[in-house]
>>> print(open('target.pdb').read())   # PDB, C-alpha atoms
ATOM      1  CA  MET A  10       0.000   0.000   0.000
ATOM      2  CA  ALA A  11       1.327   3.415  -0.857
ATOM      3  CA  SER A  12       0.291   6.972  -0.244
ATOM      4  CA  GLN A  13       1.378   9.578  -2.726
ATOM      5  CA  ARG A  14       1.661  13.316  -2.608
ATOM      6  CA  SER A  15       2.847  15.333  -5.527
ATOM      7  CA  ASP A  16       2.576  18.885  -6.726
ATOM      8  CA  LYS A  17       2.645  20.507 -10.109
ATOM      9  CA  SER A  18       6.318  21.469  -9.871
ATOM     10  CA  GLY A  19       7.194  17.824  -9.932
ATOM     11  CA  LEU A  20       8.072  16.305  -6.567
ATOM     12  CA  SER A  21       6.488  13.094  -5.377
ATOM     13  CA  VAL A  22       7.045  11.389  -2.033
ATOM     14  CA  GLU A  23       5.565   7.923  -2.087
ATOM     15  CA  ARG A  24       5.409   5.860   1.067
ATOM     16  CA  THR A  25       6.101   2.158   0.596
ATOM     17  CA  GLN A  26       7.010  -0.678   2.900
ATOM     18  CA  VAL A  27       9.841  -3.177   2.368
ATOM     19  CA  SER A  28      10.169  -5.970   4.954
ATOM     20  CA  ASP A  29       8.447  -3.940   7.700
ATOM     21  CA  GLN A  30      10.636  -0.940   6.907
ATOM     22  CA  ILE A  31       9.066   2.320   5.731
ATOM     23  CA  VAL A  32      10.721   3.474   2.518
ATOM     24  CA  LEU A  33       9.950   6.935   1.149
ATOM     25  CA  VAL A  34      10.418   6.939  -2.600
ATOM     26  CA  VAL A  35      11.348  10.517  -3.501
ATOM     27  CA  SER A  36      11.070  11.374  -7.202
ATOM     28  CA  GLY A  37      11.253  14.415  -9.436
ATOM     29  CA  ARG A  38      12.700  17.759  -8.432
ATOM     30  CA  MET A  39      13.073  19.061  -4.882
ATOM     31  CA  ASP A  40      13.247  22.854  -4.837
ATOM     32  CA  ALA A  41      12.322  25.858  -2.706
ATOM     33  CA  GLU A  42       8.672  25.562  -3.614
ATOM     34  CA  ASN A  43       8.150  21.959  -2.633
ATOM     35  CA  ALA A  44      11.001  20.786  -0.371
ATOM     36  CA  ALA A  45       8.900  20.991   2.787
ATOM     37  CA  GLN A  46       6.765  18.175   1.374
ATOM     38  CA  PHE A  47       9.435  15.613   2.260
ATOM     39  CA  GLU A  48       9.743  16.806   5.848
ATOM     40  CA  LYS A  49       5.965  16.792   6.130
ATOM     41  CA  GLU A  50       5.797  13.153   5.021
ATOM     42  CA  CYS A  51       8.538  12.257   7.523
ATOM     43  CA  ASN A  52       6.577  13.980  10.275
ATOM     44  CA  ALA A  53       3.469  12.021   9.274
ATOM     45  CA  CYS A  54       5.486   8.785   9.607
ATOM     46  CA  ILE A  55       6.802   9.898  13.005
ATOM     47  CA  ALA A  56       3.265  10.684  14.176
ATOM     48  CA  GLU A  57       2.378   7.066  13.362
ATOM     49  CA  GLY A  58       5.312   5.811  15.426
ATOM     50  CA  HIS A  59       7.881   5.194  12.687
ATOM     51  CA  THR A  60      11.273   6.631  13.629
ATOM     52  CA  SER A  61      13.478   4.562  11.333
ATOM     53  CA  LEU A  62      13.040   5.728   7.763
ATOM     54  CA  VAL A  63      14.729   4.986   4.460
ATOM     55  CA  ALA A  64      14.568   7.488   1.588
ATOM     56  CA  ASP A  65      15.054   6.047  -1.893
ATOM     57  CA  LEU A  66      16.371   8.889  -4.062
ATOM     58  CA  SER A  67      16.832   6.901  -7.284
ATOM     59  CA  GLY A  68      14.151   8.985  -9.007
ATOM     60  CA  LEU A  69      15.276  12.351  -7.657
ATOM     61  CA  ALA A  70      16.843  14.403 -10.452
ATOM     62  CA  TYR A  71      17.366  17.743  -8.697
ATOM     63  CA  VAL A  72      17.853  19.035  -5.175
ATOM     64  CA  SER A  73      18.644  22.578  -4.026
ATOM     65  CA  SER A  74      19.797  23.800  -0.614
ATOM     66  CA  MET A  75      16.147  24.020   0.439
ATOM     67  CA  GLY A  76      15.883  20.305  -0.258
ATOM     68  CA  LEU A  77      19.040  19.648   1.757
ATOM     69  CA  ARG A  78      17.485  21.662   4.579
ATOM     70  CA  SER A  79      14.461  19.364   4.489
ATOM     71  CA  PHE A  80      16.616  16.204   4.631
ATOM     72  CA  LEU A  81      18.719  17.621   7.474
ATOM     73  CA  ALA A  82      15.709  18.763   9.497
ATOM     74  CA  ALA A  83      14.009  15.372   9.165
ATOM     75  CA  ALA A  84      17.210  13.521  10.061
ATOM     76  CA  LYS A  85      17.763  15.677  13.143
ATOM     77  CA  THR A  86      14.208  15.069  14.338
ATOM     78  CA  LEU A  87      14.514  11.309  13.802
ATOM     79  CA  GLN A  88      17.891  11.151  15.510
ATOM     80  CA  GLY A  89      16.463  13.065  18.480
ATOM     81  CA  LEU A  90      13.845  10.338  18.798
ATOM     82  CA  GLY A  91      16.472   7.599  18.754
ATOM     83  CA  GLY A  92      15.753   6.736  15.128
ATOM     84  CA  SER A  93      17.442   7.540  11.830
ATOM     85  CA  LEU A  94      17.017   8.622   8.235
ATOM     86  CA  ARG A  95      18.961   6.470   5.788
ATOM     87  CA  LEU A  96      19.402   7.514   2.181
ATOM     88  CA  CYS A  97      19.979   5.303  -0.804
ATOM     89  CA  CYS A  98      20.469   5.368  -4.566
ATOM     90  CA  LEU A  99      21.732   8.944  -5.005
ATOM     91  CA  LYS A 100      22.498   9.716  -8.631
ATOM     92  CA  GLY A 101      23.812  12.432 -10.913
ATOM     93  CA  LEU A 102      23.377  16.003  -9.754
ATOM     94  CA  VAL A 103      21.804  14.937  -6.452
ATOM     95  CA  ARG A 104      24.848  12.856  -5.528
ATOM     96  CA  GLN A 105      27.100  15.702  -6.648
ATOM     97  CA  VAL A 106      25.232  18.191  -4.413
ATOM     98  CA  PHE A 107      25.495  15.858  -1.409
ATOM     99  CA  GLU A 108      29.218  15.386  -2.064
ATOM    100  CA  ILE A 109      29.949  19.110  -2.477
ATOM    101  CA  THR A 110      28.180  19.937   0.796
ATOM    102  CA  GLY A 111      29.833  17.151   2.766
ATOM    103  CA  LEU A 112      26.502  15.455   3.410
ATOM    104  CA  MET A 113      27.654  12.041   2.184
ATOM    105  CA  GLN A 114      29.508  11.849   5.522
ATOM    106  CA  VAL A 115      26.607  13.222   7.578
ATOM    107  CA  PHE A 116      24.006  10.771   6.316
ATOM    108  CA  THR A 117      24.312   7.033   6.167
ATOM    109  CA  VAL A 118      24.160   6.469   2.415
ATOM    110  CA  TYR A 119      23.548   3.132   0.720
ATOM    111  CA  GLU A 120      23.821   2.074  -2.895
ATOM    112  CA  THR A 121      20.637  -0.021  -2.918
ATOM    113  CA  VAL A 122      17.251  -0.015  -1.176
ATOM    114  CA  GLU A 123      17.907  -3.559   0.000
ATOM    115  CA  SER A 124      21.127  -2.686   1.811
ATOM    116  CA  ALA A 125      19.493   0.359   3.450
ATOM    117  CA  VAL A 126      16.563  -1.744   4.642
ATOM    118  CA  LEU A 127      18.841  -4.502   5.980
ATOM    119  CA  GLU A 128      20.788  -1.988   8.054
ATOM    120  CA  ALA A 129      17.758  -0.118   9.336
ATOM    121  CA  LYS A 130      16.658  -0.763  12.866
ATOM    122  CA  PRO A 131      13.029  -1.805  13.170
TER     123      PRO A 131
ATOM    124  CA  MET B   8      24.702  46.220 -17.959
ATOM    125  CA  PHE B   9      24.500  44.064 -21.098
ATOM    126  CA  SER B  10      24.223  45.669 -24.506
ATOM    127  CA  SER B  11      22.040  42.896 -25.899
ATOM    128  CA  ALA B  12      20.686  41.509 -22.668
ATOM    129  CA  ARG B  13      17.162  40.267 -22.068
ATOM    130  CA  PHE B  14      15.383  41.235 -18.872
ATOM    131  CA  LEU B  15      12.628  39.823 -16.702
ATOM    132  CA  THR B  16      11.259  41.546 -13.601
ATOM    133  CA  VAL B  17       9.263  39.479 -11.131
ATOM    134  CA  ALA B  18       8.175  39.680  -7.505
ATOM    135  CA  ALA B  19      10.995  38.538  -5.226
ATOM    136  CA  LYS B  20       9.226  35.506  -3.796
ATOM    137  CA  PRO B  21       9.670  31.752  -4.086
ATOM    138  CA  SER B  22       6.631  31.382  -6.349
ATOM    139  CA  SER B  23       8.533  33.342  -9.039
ATOM    140  CA  LEU B  24      11.125  30.596  -9.231
ATOM    141  CA  ARG B  25       9.551  28.778 -12.142
ATOM    142  CA  ASP B  26       9.232  31.895 -14.308
ATOM    143  CA  VAL B  27      12.835  32.887 -13.621
ATOM    144  CA  ARG B  28      14.090  29.375 -14.307
ATOM    145  CA  ASP B  29      12.214  29.192 -17.621
ATOM    146  CA  PHE B  30      13.499  32.635 -18.610
ATOM    147  CA  VAL B  31      17.139  31.734 -17.919
ATOM    148  CA  ARG B  32      16.710  28.446 -19.737
ATOM    149  CA  GLU B  33      15.759  30.384 -22.866
ATOM    150  CA  GLY B  34      19.169  32.006 -22.573
ATOM    151  CA  ALA B  35      20.809  28.637 -22.087
ATOM    152  CA  ILE B  36      19.201  27.370 -25.273
ATOM    153  CA  GLY B  37      20.392  30.503 -27.078
ATOM    154  CA  ALA B  38      23.906  29.874 -25.766
ATOM    155  CA  LYS B  39      23.674  26.243 -26.895
ATOM    156  CA  LEU B  40      24.474  24.942 -23.432
ATOM    157  CA  PRO B  41      24.105  21.170 -23.189
ATOM    158  CA  GLU B  42      20.839  19.862 -21.708
ATOM    159  CA  ALA B  43      22.858  17.812 -19.202
ATOM    160  CA  ARG B  44      24.014  21.055 -17.527
ATOM    161  CA  MET B  45      20.551  22.545 -17.030
ATOM    162  CA  GLY B  46      20.236  21.160 -13.504
ATOM    163  CA  GLU B  47      23.346  23.046 -12.402
ATOM    164  CA  LEU B  48      22.076  26.248 -14.007
ATOM    165  CA  ASP B  49      18.673  25.811 -12.324
ATOM    166  CA  LEU B  50      20.466  25.370  -9.009
ATOM    167  CA  LEU B  51      22.455  28.601  -9.403
ATOM    168  CA  VAL B  52      19.326  30.548 -10.308
ATOM    169  CA  GLU B  53      17.294  29.098  -7.452
ATOM    170  CA  GLU B  54      19.922  29.659  -4.768
ATOM    171  CA  LEU B  55      20.533  33.274  -5.778
ATOM    172  CA  LEU B  56      16.840  34.102  -6.161
ATOM    173  CA  MET B  57      16.085  32.613  -2.748
ATOM    174  CA  ASN B  58      18.895  34.700  -1.267
ATOM    175  CA  VAL B  59      17.242  37.847  -2.605
ATOM    176  CA  CYS B  60      13.880  36.742  -1.169
ATOM    177  CA  ALA B  61      15.378  35.991   2.249
ATOM    178  CA  TYR B  62      17.941  38.740   2.739
ATOM    179  CA  ALA B  63      17.236  41.675   0.424
ATOM    180  CA  TYR B  64      13.528  41.573   1.261
ATOM    181  CA  PRO B  65      13.333  39.892   4.682
ATOM    182  CA  ASN B  66      10.126  39.145   6.579
ATOM    183  CA  ASP B  67       8.036  38.919   3.409
ATOM    184  CA  ARG B  68       8.711  42.551   2.603
ATOM    185  CA  PRO B  69       7.452  43.021  -0.984
ATOM    186  CA  GLY B  70       9.899  43.896  -3.730
ATOM    187  CA  ASP B  71      11.012  43.010  -7.220
ATOM    188  CA  VAL B  72      14.035  41.318  -8.688
ATOM    189  CA  THR B  73      15.205  41.878 -12.247
ATOM    190  CA  VAL B  74      16.947  38.969 -13.900
ATOM    191  CA  SER B  75      18.912  39.524 -17.082
ATOM    192  CA  TYR B  76      21.109  37.419 -19.261
ATOM    193  CA  SER B  77      23.399  37.778 -22.220
ATOM    194  CA  VAL B  78      25.369  35.348 -24.331
ATOM    195  CA  PRO B  79      28.981  36.529 -24.458
ATOM    196  CA  GLY B  80      29.913  33.674 -26.758
ATOM    197  CA  PRO B  81      28.891  30.167 -27.806
ATOM    198  CA  GLY B  82      28.482  27.912 -24.782
ATOM    199  CA  GLU B  83      28.588  30.858 -22.374
ATOM    200  CA  LEU B  84      25.887  32.611 -20.408
ATOM    201  CA  SER B  85      26.190  35.673 -18.187
ATOM    202  CA  ILE B  86      23.350  36.246 -15.732
ATOM    203  CA  GLU B  87      22.590  39.090 -13.353
ATOM    204  CA  LEU B  88      20.091  39.339 -10.510
ATOM    205  CA  ALA B  89      19.386  42.921  -9.454
ATOM    206  CA  ASP B  90      17.187  44.153  -6.623
ATOM    207  CA  GLN B  91      16.602  47.312  -4.635
ATOM    208  CA  GLY B  92      16.308  45.607  -1.284
ATOM    209  CA  ALA B  93      18.570  45.811   1.737
ATOM    210  CA  GLU B  94      22.263  45.761   0.918
ATOM    211  CA  PHE B  95      23.345  42.176   0.923
ATOM    212  CA  ASN B  96      26.477  40.613  -0.491
ATOM    213  CA  PRO B  97      26.028  36.816  -0.511
ATOM    214  CA  LEU B  98      29.702  36.349  -1.347
ATOM    215  CA  LYS B  99      30.547  37.595   2.142
ATOM    216  CA  MET B 100      28.443  34.944   3.854
ATOM    217  CA  GLU B 101      30.396  32.769   6.219
ATOM    218  CA  GLN B 102      31.699  29.564   4.673
ATOM    219  CA  PRO B 103      29.792  26.622   6.207
ATOM    220  CA  ASP B 104      31.754  24.029   8.156
ATOM    221  CA  LEU B 105      31.229  20.934   6.019
ATOM    222  CA  THR B 106      32.872  18.623   8.536
ATOM    223  CA  LEU B 107      30.272  18.969  11.300
ATOM    224  CA  SER B 108      28.196  16.006  12.413
ATOM    225  CA  LEU B 109      24.432  15.814  12.033
ATOM    226  CA  GLU B 110      23.840  17.044  15.592
ATOM    227  CA  ALA B 111      26.095  20.070  15.150
ATOM    228  CA  ARG B 112      25.114  20.995  11.598
ATOM    229  CA  PRO B 113      22.823  23.935  10.983
ATOM    230  CA  VAL B 114      20.125  23.013   8.442
ATOM    231  CA  GLY B 115      20.871  26.032   6.235
ATOM    232  CA  GLY B 116      23.795  27.972   4.815
ATOM    233  CA  LEU B 117      24.701  25.573   2.019
ATOM    234  CA  GLY B 118      23.234  27.491  -0.920
ATOM    235  CA  ILE B 119      26.021  29.968  -1.498
ATOM    236  CA  HIS B 120      28.588  27.180  -1.194
ATOM    237  CA  LEU B 121      26.839  25.420  -4.079
ATOM    238  CA  VAL B 122      26.776  28.658  -6.066
ATOM    239  CA  LYS B 123      30.506  29.172  -5.602
ATOM    240  CA  THR B 124      31.108  25.610  -6.768
ATOM    241  CA  PHE B 125      28.962  25.655  -9.904
ATOM    242  CA  ALA B 126      29.413  29.208 -11.203
ATOM    243  CA  LYS B 127      32.292  29.880 -13.564
ATOM    244  CA  SER B 128      32.561  33.451 -12.280
ATOM    245  CA  LEU B 129      30.753  35.362  -9.565
ATOM    246  CA  SER B 130      30.704  39.004  -8.539
ATOM    247  CA  TYR B 131      28.639  41.404  -6.442
ATOM    248  CA  ARG B 132      28.367  45.153  -6.389
ATOM    249  CA  ARG B 133      26.128  47.654  -4.640
ATOM    250  CA  GLU B 134      25.247  50.416  -7.078
ATOM    251  CA  GLN B 135      22.914  53.353  -6.442
ATOM    252  CA  GLY B 136      20.677  51.391  -4.138
ATOM    253  CA  TRP B 137      20.804  48.185  -6.175
ATOM    254  CA  ASN B 138      22.292  44.823  -5.256
ATOM    255  CA  ARG B 139      23.767  43.391  -8.447
ATOM    256  CA  LEU B 140      24.921  39.792  -8.412
ATOM    257  CA  THR B 141      26.416  38.542 -11.652
ATOM    258  CA  PHE B 142      27.514  35.045 -12.484
ATOM    259  CA  GLY B 143      28.904  33.271 -15.472
ATOM    260  CA  PHE B 144      28.062  29.787 -16.582
ATOM    261  CA  SER B 145      29.647  27.910 -19.431
ATOM    262  CA  ALA B 146      29.564  24.552 -21.085
ATOM    263  CA  GLY B 147      33.044  24.006 -19.717
ATOM    264  CA  SER B 148      32.622  25.276 -16.140
TER     265      SER B 148
END
>>> encode(input="target.pdb", output="structure tokens")
Amino acid sequence: MASQRSDKSGLSVERTQVSDQIVLVVSGRMDAENAAQFEKECNACIAEGHTSLVADLSGLAYVSSMGLRSFLAAAKTLQGLGGSLRLCCLKGLVRQVFEITGLMQVFTVYETVESAVLEAKP
Amino acid sequence: MFSSARFLTVAAKPSSLRDVRDFVREGAIGAKLPEARMGELDLLVEELLMNVCAYAYPNDRPGDVTVSYSVPGPGELSIELADQGAEFNPLKMEQPDLTLSLEARPVGGLGIHLVKTFAKSLSYRREQGWNRLTFGFSAGS
């Protein structure tokens, strides 16, 4: 079962479940107009008691500093609750932006959804 | 500042982002910049526009920003953002500490670092009440 939110500027955050682990599939472009959507979905997961989240970024083509802000804010909240935000499948410009800003070392980053799910604490 | 520049004036607010991005992309097409570089150009435009919204016109103060571009040569684009808001030089913003852990990291302050990385050239001047931020982008940068 999946819930999907998207807006006309092209970001979608789809909630899926892989082996009891919540995976947020983030696709499209994450910019100043829509970045808060990701944090909002994370907060919805937290409200339902999920504090260990995986974000699959394989379909994310663009992220600006406002998007990075959203990832950082969500990760800080989850860490404060004893949980974590794990990222996987960063590609192209998105990977480049994470590398340039030193965020590859801040987040736990995985190459595949499977490896991120295996490492995630229930 | 450009003899053959094109100009677009919009409200300095995040909802103008799409119009500004589309406008600059017209310039990129004119400069024959490769499609694969459009994401980087979009990023530069977004970060600098958002800086104007946040710092030149803080607290939702209304104001305009004029974006202009010219094509100095094939594969090159020169872009300027000009506003009449509070004096603000983004190039003087403190360099973020990229080595901090998640707990210690502020959530913001990364935009101008990205701009400095992706722009081929970058300059700011305050001129008769205007902030003028100019950057260059090229197929090779």
>>> closest_atom_pairs(input="target.pdb", of="chain B", to="chain A", cutoff="7 Å", atoms="all atoms listed in the file", output="Markdown table")
| residue | atom | partner | partner_atom | distance |
| --- | --- | --- | --- | --- |
| B:Pro21 | CA | A:Glu42 | CA | 6.3 |
| B:Ser22 | CA | A:Glu42 | CA | 6.7 |
| B:Gly46 | CA | A:Tyr71 | CA | 6.6 |
| B:Leu50 | CA | A:Ser73 | CA | 6.0 |
| B:Leu105 | CA | A:Gly111 | CA | 5.2 |
| B:Thr106 | CA | A:Gly111 | CA | 6.7 |
| B:Ser108 | CA | A:Val115 | CA | 5.8 |
| B:Leu109 | CA | A:Val115 | CA | 5.6 |
| B:Glu110 | CA | A:Lys85 | CA | 6.7 |
| B:Val114 | CA | A:Arg78 | CA | 4.9 |
| B:Gly115 | CA | A:Arg78 | CA | 5.8 |
| B:Leu117 | CA | A:Ser74 | CA | 5.8 |
| B:Gly118 | CA | A:Ser74 | CA | 5.1 |
>>> residues_around(input="target.pdb", residues="A:Val126", least_positions_apart="6", cutoff="9 Å", atoms="all atoms listed in the file", output="PyMOL selection string")
chain A and resi 27-32+62-63+95
>>> closest_residue(input="target.pdb", among="B:Gly116, B:Pro97, B:Gly143, B:Gly82", to="B:Glu42", atoms="all atoms listed in the file")
B:Gly82
>>> atom_distance(input="target.pdb", atom1="atom CA of A:Glu108", atom2="atom CA of B:Val52")
19.9 Å
>>> axis_aligned_box(input="target.pdb", around="stretch 31-44 of chain A", padding_each_side="4 Å", output="AutoDock Vina command-line options")
--center_x 10.7 --center_y 14.1 --center_z -1.9 --size_x 13.1 --size_y 31.5 --size_z 23.2
>>> resolve_selection(input="target.pdb", expression="the PyMOL selection byres ((chain B and resi 78) around 8)", output="PyMOL selection string")
chain B and resi 12+34+37-38+76-77+79-81+83-85
>>> atom_distance(input="target.pdb", atom1="atom CA of B:Leu121", atom2="atom CA of A:Thr117")
21.2 Å
>>> resolve_selection(input="target.pdb", expression="the PyMOL selection byres ((chain A and resi 119) around 7)", output="PyMOL selection string")
chain A and resi 96-98+117-118+120-121+124-125
>>> decode(input="target.pdb", residues="stretch 14-42 of chain B", atoms="N, CA and C atoms", output="short mmCIF file (atom, residue, chain, number, x, y, z; two decimals), in the first residue's frame")
data_model
loop_
_atom_site.label_atom_id
_atom_site.label_comp_id
_atom_site.auth_asym_id
_atom_site.auth_seq_id
_atom_site.Cartn_x
_atom_site.Cartn_y
_atom_site.Cartn_z
N PHE B 14 15.72 40.94 -20.26
CA PHE B 14 15.38 41.23 -18.87
C PHE B 14 14.03 40.65 -18.50
N LEU B 15 13.92 40.27 -17.25
CA LEU B 15 12.63 39.82 -16.70
C LEU B 15 12.53 40.36 -15.27
N THR B 16 11.46 41.06 -14.96
CA THR B 16 11.26 41.55 -13.60
C THR B 16 10.07 40.82 -12.99
N VAL B 17 10.31 40.24 -11.82
CA VAL B 17 9.26 39.48 -11.13
C VAL B 17 9.26 39.86 -9.65
N ALA B 18 8.21 39.49 -8.96
CA ALA B 18 8.18 39.68 -7.51
C ALA B 18 9.23 38.78 -6.88
N ALA B 19 9.95 39.32 -5.89
CA ALA B 19 11.00 38.54 -5.23
C ALA B 19 10.35 37.61 -4.21
N LYS B 20 9.81 36.50 -4.69
CA LYS B 20 9.23 35.51 -3.80
C LYS B 20 9.41 34.11 -4.41
N PRO B 21 9.38 33.10 -3.58
CA PRO B 21 9.67 31.75 -4.09
C PRO B 21 8.76 31.31 -5.23
N SER B 22 7.54 31.82 -5.28
CA SER B 22 6.63 31.38 -6.35
C SER B 22 7.05 31.93 -7.72
N SER B 23 8.03 32.84 -7.75
CA SER B 23 8.53 33.34 -9.04
C SER B 23 9.60 32.42 -9.62
N LEU B 24 10.00 31.44 -8.84
CA LEU B 24 11.12 30.60 -9.23
C LEU B 24 10.95 29.98 -10.62
N ARG B 25 9.76 29.46 -10.86
CA ARG B 25 9.55 28.78 -12.14
C ARG B 25 9.71 29.72 -13.33
N ASP B 26 9.14 30.93 -13.21
CA ASP B 26 9.23 31.89 -14.31
C ASP B 26 10.69 32.28 -14.57
N VAL B 27 11.44 32.49 -13.48
CA VAL B 27 12.83 32.89 -13.62
C VAL B 27 13.64 31.74 -14.25
N ARG B 28 13.38 30.55 -13.78
CA ARG B 28 14.09 29.37 -14.31
C ARG B 28 13.82 29.21 -15.81
N ASP B 29 12.56 29.34 -16.20
CA ASP B 29 12.21 29.19 -17.62
C ASP B 29 12.87 30.28 -18.46
N PHE B 30 12.90 31.50 -17.91
CA PHE B 30 13.50 32.64 -18.61
C PHE B 30 15.00 32.39 -18.84
N VAL B 31 15.69 31.97 -17.79
CA VAL B 31 17.14 31.73 -17.92
C VAL B 31 17.42 30.55 -18.85
N ARG B 32 16.53 29.60 -18.83
CA ARG B 32 16.71 28.45 -19.74
C ARG B 32 16.62 28.85 -21.21
N GLU B 33 15.81 29.87 -21.48
CA GLU B 33 15.76 30.38 -22.87
C GLU B 33 17.15 30.87 -23.26
N GLY B 34 17.80 31.54 -22.31
CA GLY B 34 19.17 32.01 -22.57
C GLY B 34 20.12 30.85 -22.77
N ALA B 35 19.94 29.81 -21.99
CA ALA B 35 20.81 28.64 -22.09
C ALA B 35 20.67 27.96 -23.45
N ILE B 36 19.43 27.95 -23.94
CA ILE B 36 19.20 27.37 -25.27
C ILE B 36 19.89 28.24 -26.33
N GLY B 37 19.75 29.57 -26.15
CA GLY B 37 20.39 30.50 -27.08
C GLY B 37 21.91 30.36 -27.07
N ALA B 38 22.45 30.03 -25.90
CA ALA B 38 23.91 29.87 -25.77
C ALA B 38 24.36 28.47 -26.16
N LYS B 39 23.40 27.64 -26.51
CA LYS B 39 23.67 26.24 -26.90
C LYS B 39 24.39 25.48 -25.78
N LEU B 40 23.94 25.71 -24.56
CA LEU B 40 24.47 24.94 -23.43
C LEU B 40 23.87 23.54 -23.46
N PRO B 41 24.64 22.54 -23.12
CA PRO B 41 24.10 21.17 -23.19
C PRO B 41 22.98 20.93 -22.17
N GLU B 42 22.00 20.18 -22.56
CA GLU B 42 20.84 19.86 -21.71
C GLU B 42 21.29 19.26 -20.37
#
